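Shown next, in structure tokens, is the structure this report addresses.
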Amino acid sequence: MNKITERLSKHVADLGVLYVKLHNYHWHVEGMKFSTIHALTEGYYDEVTEAFDTIAERILQLGETAPASMGEYLKLAGIQEETAKKFTETEVVSKVKADFIYLAKELQETRIMAADSNDSTTDAILADIIQNLEKAVWMLGAMLK
């Protein structure tokens with residue numbers, strides 16, 4: 001496995017953990033803005049699903065296998081799983097924002113590696129995901145003001 005596919009595997013793991021984490025927030029957020037956060041997290045886990053699948057398929061296109069078990073995800077991921085079962089709206093927004101910032105930074109590092117290796121397809125895939133994450137970070141930040 002080369003450096004790019006190693007990093008892509010880490011991103012699949014991060015997105016797998018994030019997918020489960022967003023569901024936890026979706027189900028267990030409480031407060032006056034429950035409906036807003038419930039809908040917001042649903043939209044985010046749908047976006048995460050798309051990025052998760054796209055990156056895993058890119059790994060396969062590059063001739064490697066993608067991580068595909070919770071054990072692999074937890075071993076490879078930098079994003080930590082969330083085990084609590086009760087959250088305020090502010091906690092959810094803050095935690096999701098932090099994970100999105102982390103993920104965008106990690107993806108950007110891989111994007112640079114891909115560009116340096118003339119892997120324009122991986123570069124473009126990651127650029128699209130980063131753009132969505134950065135917009136979400138901006139919107140989540142506005143919610144916290």
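Letters A, B, ... mark the chains of the structure tokens in the order given; residue numbers begin at 1 per chain; ligand numbers begin at 1, in order shown.
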Exercise for review: Compile the contact shell of region 105-122 of chain A as a VMD selection string: residues with an atom at most 10 Å away, counting only C-alpha atoms, same-chain residues fewer than 2 positions apart removed.
Suggested key: chain A and resid 3 to 8 10 to 11 14 54 to 55 58 to 59 62 78 99 to 103 124 to 127 129 to 130 133 to 134
Please produce a file of the residues just selected, as a JSON list (two decimals), in the first residue's frame, where the atoms kept are C-alpha atoms.
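To be explicit, this is the file written out as part.json:
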```json
[["chain", "number", "residue", "atom", "x", "y", "z"],
["A", 3, "LYS", "CA", 1.32, 6.55, 1.13],
["A", 4, "ILE", "CA", -1.74, 7.92, -0.65],
["A", 5, "THR", "CA", -3.81, 4.76, -0.26],
["A", 6, "GLU", "CA", -2.67, 4.49, 3.37],
["A", 7, "ARG", "CA", -3.99, 7.98, 4.02],
["A", 8, "LEU", "CA", -7.17, 7.30, 2.04],
["A", 10, "LYS", "CA", -7.38, 6.43, 7.31],
["A", 11, "HIS", "CA", -9.97, 8.79, 5.83],
["A", 14, "ASP", "CA", -12.44, 8.51, 10.05],
["A", 54, "THR", "CA", -16.23, 7.73, -2.90],
["A", 55, "ILE", "CA", -12.92, 7.47, -1.05],
["A", 58, "ARG", "CA", -10.91, 5.38, -5.05],
["A", 59, "ILE", "CA", -8.76, 3.04, -2.95],
["A", 62, "LEU", "CA", -5.82, 2.41, -7.09],
["A", 78, "GLY", "CA", -8.03, 9.79, 14.26],
["A", 99, "ASP", "CA", -14.41, 16.78, 13.76],
["A", 100, "PHE", "CA", -15.04, 18.54, 10.45],
["A", 101, "ILE", "CA", -12.06, 20.86, 11.01],
["A", 102, "TYR", "CA", -9.86, 17.86, 11.80],
["A", 103, "LEU", "CA", -11.08, 15.91, 8.78],
["A", 124, "ALA", "CA", -10.29, 16.45, -7.27],
["A", 125, "ILE", "CA", -12.25, 14.00, -5.10],
["A", 126, "LEU", "CA", -10.68, 15.38, -1.94],
["A", 127, "ALA", "CA", -11.10, 19.00, -3.05],
["A", 129, "ILE", "CA", -15.12, 16.89, 0.08],
["A", 130, "ILE", "CA", -12.98, 19.62, 1.66],
["A", 133, "LEU", "CA", -16.55, 20.41, 5.05],
["A", 134, "GLU", "CA", -15.32, 24.01, 5.04]]
```
Study note, to complete from the structure: Min atom-atom distance to Glu72 (chain A) from the set A:Ala136, A:Met1, A:Ala13, A:Leu144, counting only C-alpha atoms, belongs to A:Ala13
Review point. Neighbours of region 16-24 of chain A within 7 Å (only C-alpha atoms; same-chain residues fewer than 5 positions away dropped), as a PyMOL selection string?
Key: chain A and resi 41+45+48+52+73+79+81-82
Residue subset to file, keeping C-alpha atoms, as a PDB file, in the first residue's frame:
```
ATOM      1  CA  THR A  41     -27.047  15.699  11.628  1.00  0.00           C
ATOM      2  CA  TYR A  45     -24.410  11.705   7.837  1.00  0.00           C
ATOM      3  CA  VAL A  48     -20.452  11.535   5.063  1.00  0.00           C
ATOM      4  CA  PHE A  52     -17.003   7.474   2.645  1.00  0.00           C
ATOM      5  CA  TYR A  73     -11.979   1.890  11.548  1.00  0.00           C
ATOM      6  CA  ILE A  79     -11.640  10.745  14.979  1.00  0.00           C
ATOM      7  CA  GLU A  81     -15.926   7.426  18.765  1.00  0.00           C
ATOM      8  CA  GLU A  82     -18.576   9.024  20.999  1.00  0.00           C
TER       9      GLU A  82
END
```
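The spacing separating CA of Ala66 (chain A) from CA of Val92 (chain A) amounts to 28.9 Å.
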Write out as a PDB file with N, CA and C atoms, in the first residue's frame all residues of chain A that DSSP puts in strand (DSSP E) for this structure's backbone.
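Generated file (result_21.pdb):
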```
ATOM      1  N   VAL A  29     -29.592  13.950  20.807  1.00  0.00           N
ATOM      2  CA  VAL A  29     -29.578  15.374  21.131  1.00  0.00           C
ATOM      3  C   VAL A  29     -30.888  15.725  21.834  1.00  0.00           C
ATOM      4  N   GLU A  30     -30.806  16.659  22.770  1.00  0.00           N
ATOM      5  CA  GLU A  30     -31.992  17.113  23.500  1.00  0.00           C
ATOM      6  C   GLU A  30     -31.989  18.631  23.555  1.00  0.00           C
ATOM      7  N   PHE A  87     -26.852  14.737  24.718  1.00  0.00           N
ATOM      8  CA  PHE A  87     -26.117  15.905  24.246  1.00  0.00           C
ATOM      9  C   PHE A  87     -27.038  17.114  24.158  1.00  0.00           C
ATOM     10  N   THR A  88     -26.474  18.282  24.458  1.00  0.00           N
ATOM     11  CA  THR A  88     -27.182  19.529  24.190  1.00  0.00           C
ATOM     12  C   THR A  88     -26.913  19.917  22.739  1.00  0.00           C
TER      13      THR A  88
END
```
Check your understanding: Residues at most 10 Å from Phe34 (chain A), counting only C-alpha atoms, excluding those fewer than 6 positions away in the same chain, as a PyMOL selection string?
Key -> chain A and resi 26-28+40+88-89
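Interatomic distance, CA of Glu91 (chain A) against CA of Ile37 (chain A): 10.6 Å.
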Exercise for review: Provide the CA of Gly63 (chain A) to CA of Asn2 (chain A) distance in Å, to one decimal place.
Suggested key: 10.2 Å
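Minimum atom-to-atom distance to Asn132 (chain A), evaluated using only C-alpha atoms, belongs to A:Glu47 out of A:Lys86, A:Val96, A:Leu60, A:Glu47.
Proximity ranking of A:Thr65, A:Thr83, A:Met70, A:Gly141 relative to Lys97 (chain A) places A:Gly141 first, based on only C-alpha atoms.
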